[in-house]
Amino acid sequence: MAYGSFVLMRDLNFTINDGDVFIIMGGSGSGKSTLLRHLIGLNEPAQGEIVYRAENFTKADPDKRQEILRRTGVLFQSGALWSSMTLAENIGLALEEYTDLNPEEIREIASLKLALVGLKGFEDYYPSEISGGMSKRAGLARAMALDPEILFFDEPSAGLDPISSRLLDDLILELRDNLGATVVVVTHELASIFTIGNNSVFLDAETRTMTAGGDPKELLAHPPNPMVHRFLTRGEGEQI
Amino acid sequence: MVEQDQVSFQRDDDTTLLVRFSGAWRLRGGFPSASLVDREIQSAAQVRGLAFDTKELISWDSSVLAFLVDLSELCRQRGINMDRAGLPAGVRRLLHLAEAVPEKKGARKEEAEISFLQRVGISAIGAGDSLGEMLKFLGEMSVTFVRLFRMKARFRPVDLFLLIQQCGAQALPIVTLISFLVGVILAFVGAVQLKQFGAQIYVADLVGIAIVHEMGAMMTGIIMAGRTGAAFAAQLGTMKVTQEIDAFTTMGFSPLEFLVLPRVIALVLMMPLLCLYADFVGVLGGATIAMGMLDLSWTTYIRETMHAVGLTDIFGGIFKSAVYGVLVALSGCLRGIQCGNSSSAVGDAATSAVVTGIVAIVAACGIFAVVFYVLGI
């Protein structure tokens with residue numbers, strides 16, 4: 001992954017299995033969010049490729065790409081709800097475009113998705129009228145609109161109070177278990193990493209590559225290198 | 001304002017310089033520079049160590065720290081031992097903290113002197129890049145238009161209606177004001193000159209042709225560039241910052257179809273109407289002056305205008321205004337989409353949208369003048 005001639009990360013190689021809650025972790029500025037942007041096609045890898053199931057995403061033509069993307073849902077850091085639409089319209093847009101549902105059915109599904117994230121009754125609110133935590137949950141509802149196979153979360157707990165972020169973690173697990181979705185989470189929130197993650201990749205800003213991968217709890221028990229250990233233990237026991 | 005008595009020096013023995021702090025150190029009052037100490041050190045040859053005395057120091061804040069950090073850097077350079085025992089415990093801790101993490105190599109930005117030629121080169125490359133981006137945008141927009149004509153483009157009709165309202169009806173007051181005044185100004189300038197020849201009646205021709213042929217379309221274009229082009233850039237720029245545009249892309253919607261296309265369509269539909277309206281109001285402005293200053297009657301003025309202005313002129317103006325509409329909408333949207341990821345970038349995008357829009361309008365106006373002349377319109 002590179003911005004212009006600046007190489008941010010090299011030699012990344014990992015597999016996300018079906019049903020995983022896959023954590024992309026690493027320190028600030030290590031390129032976690034950038035890696036996510038590559039996975040969802042917003043940035044192009046400088047080298048290498050991304051493969052979904054058996055389909056090569058990087059080399060696919062635009063139509064094929066869109067079809068793959070339609071099977072995914074993304075929750076952006078700040079929710080990124082479309083500010084000119086109500087919550088119901090935000091969720092309904094994808095349904096309107098990609099399904100043959102009539103307006104009433106769309107509205108019902110939007111209500112259902114909002115209810116799932118605890119926002120029942122907020123259908124006709126505009127994004128500017130709700131709080132940051134609510135925007136995030138509404139963003140999740142929108143990401144789930146088409147019952148995606150893979151859900152991407154960019155720092156879901158950033159800017160949330162501990163209780164809300166815990167609830168969001170629970171919600172992520174519920175979705176994985178009940179909808180059978182695969183979840184990819186970018187986070188550096190240790191609590192979340194250990195609660196929800198069962199597979200991971202660790203990006204190291206110093207060496208500019210991934211230095212570890214696998215179940216975070218395993219990594220904590222047997223850290224493959226000191227950086228991972230420091231990260232997973234918040235560097236405790238060290239003198240400043 | 002450095003209070004002179006904040007720091008004083010005393011030499012205990014030949015090799016140690018005692019720096020004595022006194023009074024209240026406050027950031028607001030400024031603080032002495034390390035060169036003061038440097039001078040003191042250099043005045044005697046064999047200073048090997050610095051020691052501190054803070055018994056008379058009443059209070060301290062970051063100013064003491066900044067002074068000490070400078071001093072410690074100085075000591076390191078000159079190989080002088082700095083004895084920190086005399087400092088208050090809090091100052092020692094903070095100083096330690098400030099020095100705990102060594103400076104990252106290469107983190108400090110190099111302030112290399114860039115030569116004039118380099119600067120020119122960098123600007124040229126930047127201009128080339130931005131031209132490339134512009135062409136890419138235009139190419140993608142052409143594809144989007146093709147999709148529109150094949151009825152494959154998708155956007156929300158509600159958005160289109162809202163935009164039409166925004167850049168149509170809501171622009172009427174300002175268009176009224178400006179075109180009326182332009183009519184008045186043209187008539188006034190013409191009246192003063194034509195009166196000398198007793199040819200007052202030709203004010204109607206002057207105003208009519210100028211407004212309908214050029215000024216109506218151009219003034220509406222410039223108004224819309226300032227009003228709507230800037231708004232488009234700011235809207236899209238903000239959406240870029242809040243990742244709303246990314247959200248469109250990842251859901252498989254093309255931002256060009258969903259955001260840019262309705263804006264272009266709205267302006268292209270509304271600009272001709274606004275232009276026609278501006279023509280009318282401009283002529284009205286001219287008539288006001290003609291009736292007030294030149295004692296021409298309303299009917300004479302209108303008849304003379306109708307005589308001077310043909311249908312081709314009107315349609316020429318309207319056609320131009322539609323083109324200006326495309327230019328304003330595209331430059332607004334282009335700058336919005338190119339916007340960087342900060343709030344100041346949104347401001348830059350809006351500014352640059354207006355500049356691009358107006359430049360494009362004036363350039364197009366010049367091209368039209370030549371083309372219309374060659375075609376004999």
# chains A, B, ... in the order shown; residues from 1 in each chain; ligands from 1
$ interface_residues --of "chain A" --to "chain B" --cutoff "8 Å" --atoms "only C-alpha atoms" --output "list in words"
Ile40, Gly41, Leu42, Gln66, Glu67, Leu69, Arg70, Thr72, Gly73, Val74, Phe76, Ser78, Ala80, Leu81, Trp82, Ala94 and Ile240 of chain A
$ residues_around --residues "Leu296 in chain B" --least-positions-apart "4" --cutoff "9 Å" --atoms "only C-alpha atoms" --output "number ranges by chain"
B: 200-201, 287, 290-292, 300-301
$ write_last_selection --atoms "N, CA and C atoms" --output "mmCIF file, in the first residue's frame"
data_model
loop_
_atom_site.group_PDB
_atom_site.id
_atom_site.type_symbol
_atom_site.label_atom_id
_atom_site.label_comp_id
_atom_site.auth_asym_id
_atom_site.auth_seq_id
_atom_site.Cartn_x
_atom_site.Cartn_y
_atom_site.Cartn_z
ATOM 1 N N GLN B 200 -30.545 60.040 -28.676
ATOM 2 C CA GLN B 200 -30.940 59.350 -27.440
ATOM 3 C C GLN B 200 -31.643 58.032 -27.701
ATOM 4 N N ILE B 201 -32.398 57.970 -28.777
ATOM 5 C CA ILE B 201 -33.237 56.808 -29.041
ATOM 6 C C ILE B 201 -32.386 55.532 -29.151
ATOM 7 N N ALA B 287 -34.884 50.943 -19.748
ATOM 8 C CA ALA B 287 -36.057 51.765 -20.009
ATOM 9 C C ALA B 287 -36.274 52.784 -18.905
ATOM 10 N N ALA B 290 -34.039 55.597 -19.606
ATOM 11 C CA ALA B 290 -34.453 56.303 -20.816
ATOM 12 C C ALA B 290 -35.661 57.191 -20.535
ATOM 13 N N MET B 291 -36.592 56.670 -19.742
ATOM 14 C CA MET B 291 -37.787 57.457 -19.451
ATOM 15 C C MET B 291 -37.478 58.586 -18.481
ATOM 16 N N GLY B 292 -36.626 58.312 -17.501
ATOM 17 C CA GLY B 292 -36.336 59.307 -16.472
ATOM 18 C C GLY B 292 -35.393 60.386 -16.968
ATOM 19 N N THR B 300 -42.003 53.986 -27.266
ATOM 20 C CA THR B 300 -40.910 54.229 -28.201
ATOM 21 C C THR B 300 -39.719 53.336 -27.866
ATOM 22 N N TYR B 301 -39.417 53.308 -26.584
ATOM 23 C CA TYR B 301 -38.261 52.540 -26.135
ATOM 24 C C TYR B 301 -38.429 51.072 -26.499
#
$ residues_around --residues "Ser63 in chain B" --least-positions-apart "5" --cutoff "8 Å" --atoms "only C-alpha atoms" --output "ChimeraX atom specification"
/B:25-27,30-31
$ atom_distance --atom1 "CA of Ala278 in chain B" --atom2 "CA of Leu148 in chain B"
29.7 Å
$ select_by_dssp --residues "range 19-110 of chain B" --states "strand (DSSP E or B)" --output "ChimeraX atom specification"
/B:19-24,49-59,81-82
$ closest_atom_pairs --of "range 220-281 of chain B" --to "range 172-180 of chain B" --cutoff "9 Å" --atoms "only C-alpha atoms" --output "CSV"
residue,atom,partner,partner_atom,distance
B:Thr220,CA,B:Val175,CA,6.5
B:Ile223,CA,B:Val175,CA,7.2
B:Met224,CA,B:Val175,CA,8.9
B:Leu274,CA,B:Leu172,CA,7.3
B:Cys275,CA,B:Val175,CA,8.8
B:Tyr277,CA,B:Thr176,CA,7.9
B:Ala278,CA,B:Ser179,CA,5.5
B:Asp279,CA,B:Ser179,CA,7.4
B:Phe280,CA,B:Ser179,CA,8.7
B:Val281,CA,B:Phe180,CA,5.3
$ write_last_selection --atoms "all heavy atoms" --output "mmCIF file, in the first residue's frame"
data_model
loop_
_atom_site.group_PDB
_atom_site.id
_atom_site.type_symbol
_atom_site.label_atom_id
_atom_site.label_comp_id
_atom_site.auth_asym_id
_atom_site.auth_seq_id
_atom_site.Cartn_x
_atom_site.Cartn_y
_atom_site.Cartn_z
ATOM 1 N N THR B 220 -25.728 36.387 -15.392
ATOM 2 C CA THR B 220 -26.345 35.258 -14.672
ATOM 3 C C THR B 220 -25.299 34.191 -14.417
ATOM 4 O O THR B 220 -25.258 33.605 -13.333
ATOM 5 C CB THR B 220 -27.510 34.604 -15.438
ATOM 6 O OG1 THR B 220 -27.426 34.980 -16.786
ATOM 7 C CG2 THR B 220 -28.830 34.949 -14.866
ATOM 8 N N ILE B 223 -23.153 35.315 -11.546
ATOM 9 C CA ILE B 223 -23.918 35.228 -10.294
ATOM 10 C C ILE B 223 -24.023 33.773 -9.846
ATOM 11 O O ILE B 223 -23.805 33.444 -8.681
ATOM 12 C CB ILE B 223 -25.344 35.811 -10.477
ATOM 13 C CG1 ILE B 223 -25.268 37.316 -10.732
ATOM 14 C CG2 ILE B 223 -26.196 35.511 -9.264
ATOM 15 C CD1 ILE B 223 -26.564 37.896 -11.214
ATOM 16 N N MET B 224 -24.337 32.884 -10.788
ATOM 17 C CA MET B 224 -24.512 31.482 -10.420
ATOM 18 C C MET B 224 -23.190 30.849 -10.009
ATOM 19 O O MET B 224 -23.153 29.968 -9.153
ATOM 20 C CB MET B 224 -25.134 30.677 -11.564
ATOM 21 C CG MET B 224 -26.549 31.100 -11.901
ATOM 22 S SD MET B 224 -27.559 31.399 -10.456
ATOM 23 C CE MET B 224 -28.294 29.802 -10.245
ATOM 24 N N LEU B 274 -33.293 31.705 -16.227
ATOM 25 C CA LEU B 274 -32.765 32.856 -15.501
ATOM 26 C C LEU B 274 -32.233 33.894 -16.488
ATOM 27 O O LEU B 274 -32.406 35.094 -16.287
ATOM 28 C CB LEU B 274 -31.637 32.428 -14.566
ATOM 29 C CG LEU B 274 -32.062 31.692 -13.297
ATOM 30 C CD1 LEU B 274 -30.837 31.207 -12.546
ATOM 31 C CD2 LEU B 274 -32.889 32.596 -12.408
ATOM 32 N N CYS B 275 -31.599 33.411 -17.558
ATOM 33 C CA CYS B 275 -31.029 34.326 -18.539
ATOM 34 C C CYS B 275 -32.134 35.128 -19.226
ATOM 35 O O CYS B 275 -32.040 36.348 -19.350
ATOM 36 C CB CYS B 275 -30.225 33.534 -19.556
ATOM 37 S SG CYS B 275 -29.660 34.506 -20.934
ATOM 38 N N TYR B 277 -35.027 35.809 -18.081
ATOM 39 C CA TYR B 277 -35.545 36.723 -17.079
ATOM 40 C C TYR B 277 -34.604 37.912 -16.923
ATOM 41 O O TYR B 277 -35.032 39.069 -16.851
ATOM 42 C CB TYR B 277 -35.706 35.948 -15.760
ATOM 43 C CG TYR B 277 -36.121 36.789 -14.597
ATOM 44 C CD1 TYR B 277 -37.435 37.227 -14.482
ATOM 45 C CD2 TYR B 277 -35.208 37.136 -13.613
ATOM 46 C CE1 TYR B 277 -37.819 37.999 -13.405
ATOM 47 C CE2 TYR B 277 -35.582 37.903 -12.539
ATOM 48 C CZ TYR B 277 -36.886 38.340 -12.433
ATOM 49 O OH TYR B 277 -37.266 39.101 -11.382
ATOM 50 N N ALA B 278 -33.285 37.628 -16.899
ATOM 51 C CA ALA B 278 -32.302 38.697 -16.745
ATOM 52 C C ALA B 278 -32.357 39.644 -17.934
ATOM 53 O O ALA B 278 -32.263 40.861 -17.770
ATOM 54 C CB ALA B 278 -30.899 38.103 -16.605
ATOM 55 N N ASP B 279 -32.529 39.090 -19.148
ATOM 56 C CA ASP B 279 -32.666 39.933 -20.342
ATOM 57 C C ASP B 279 -33.810 40.924 -20.151
ATOM 58 O O ASP B 279 -33.669 42.122 -20.367
ATOM 59 C CB ASP B 279 -32.975 39.070 -21.579
ATOM 60 C CG ASP B 279 -31.771 38.237 -21.992
ATOM 61 O OD1 ASP B 279 -30.686 38.461 -21.429
ATOM 62 O OD2 ASP B 279 -31.938 37.363 -22.853
ATOM 63 N N PHE B 280 -34.937 40.370 -19.727
ATOM 64 C CA PHE B 280 -36.139 41.186 -19.556
ATOM 65 C C PHE B 280 -35.907 42.284 -18.524
ATOM 66 O O PHE B 280 -36.151 43.460 -18.771
ATOM 67 C CB PHE B 280 -37.290 40.261 -19.147
ATOM 68 C CG PHE B 280 -38.552 40.978 -18.821
ATOM 69 C CD1 PHE B 280 -39.324 41.543 -19.834
ATOM 70 C CD2 PHE B 280 -38.979 41.093 -17.515
ATOM 71 C CE1 PHE B 280 -40.486 42.212 -19.527
ATOM 72 C CE2 PHE B 280 -40.143 41.766 -17.207
ATOM 73 C CZ PHE B 280 -40.902 42.335 -18.220
ATOM 74 N N VAL B 281 -35.398 41.920 -17.375
ATOM 75 C CA VAL B 281 -35.183 42.897 -16.305
ATOM 76 C C VAL B 281 -34.137 43.923 -16.714
ATOM 77 O O VAL B 281 -34.252 45.114 -16.399
ATOM 78 C CB VAL B 281 -34.780 42.176 -15.000
ATOM 79 C CG1 VAL B 281 -34.478 43.180 -13.913
ATOM 80 C CG2 VAL B 281 -35.873 41.233 -14.559
#
$ select_by_dssp --residues "range 17-234 of chain A" --states "helix (DSSP H, G or I)" --output "VMD selection string"
chain A and resid 32 to 39 62 to 70 87 to 98 103 to 116 127 to 129 132 to 143 162 to 179 190 to 196 216 to 221 226 to 232
$ atom_distance --atom1 "CA of Asn225 in chain A" --atom2 "CA of Glu206 in chain A"
13.0 Å
$ closest_residue --among "B:Ala85, B:Val91, B:Ala308, B:Leu131" --to "Trp60 in chain B" --atoms "only C-alpha atoms"
B:Val91
$ residues_around --residues "Thr144 in chain B" --least-positions-apart "3" --cutoff "9 Å" --atoms "only C-alpha atoms" --output "ChimeraX atom specification"
/B:139-141,147-149,152-153,256-257,261
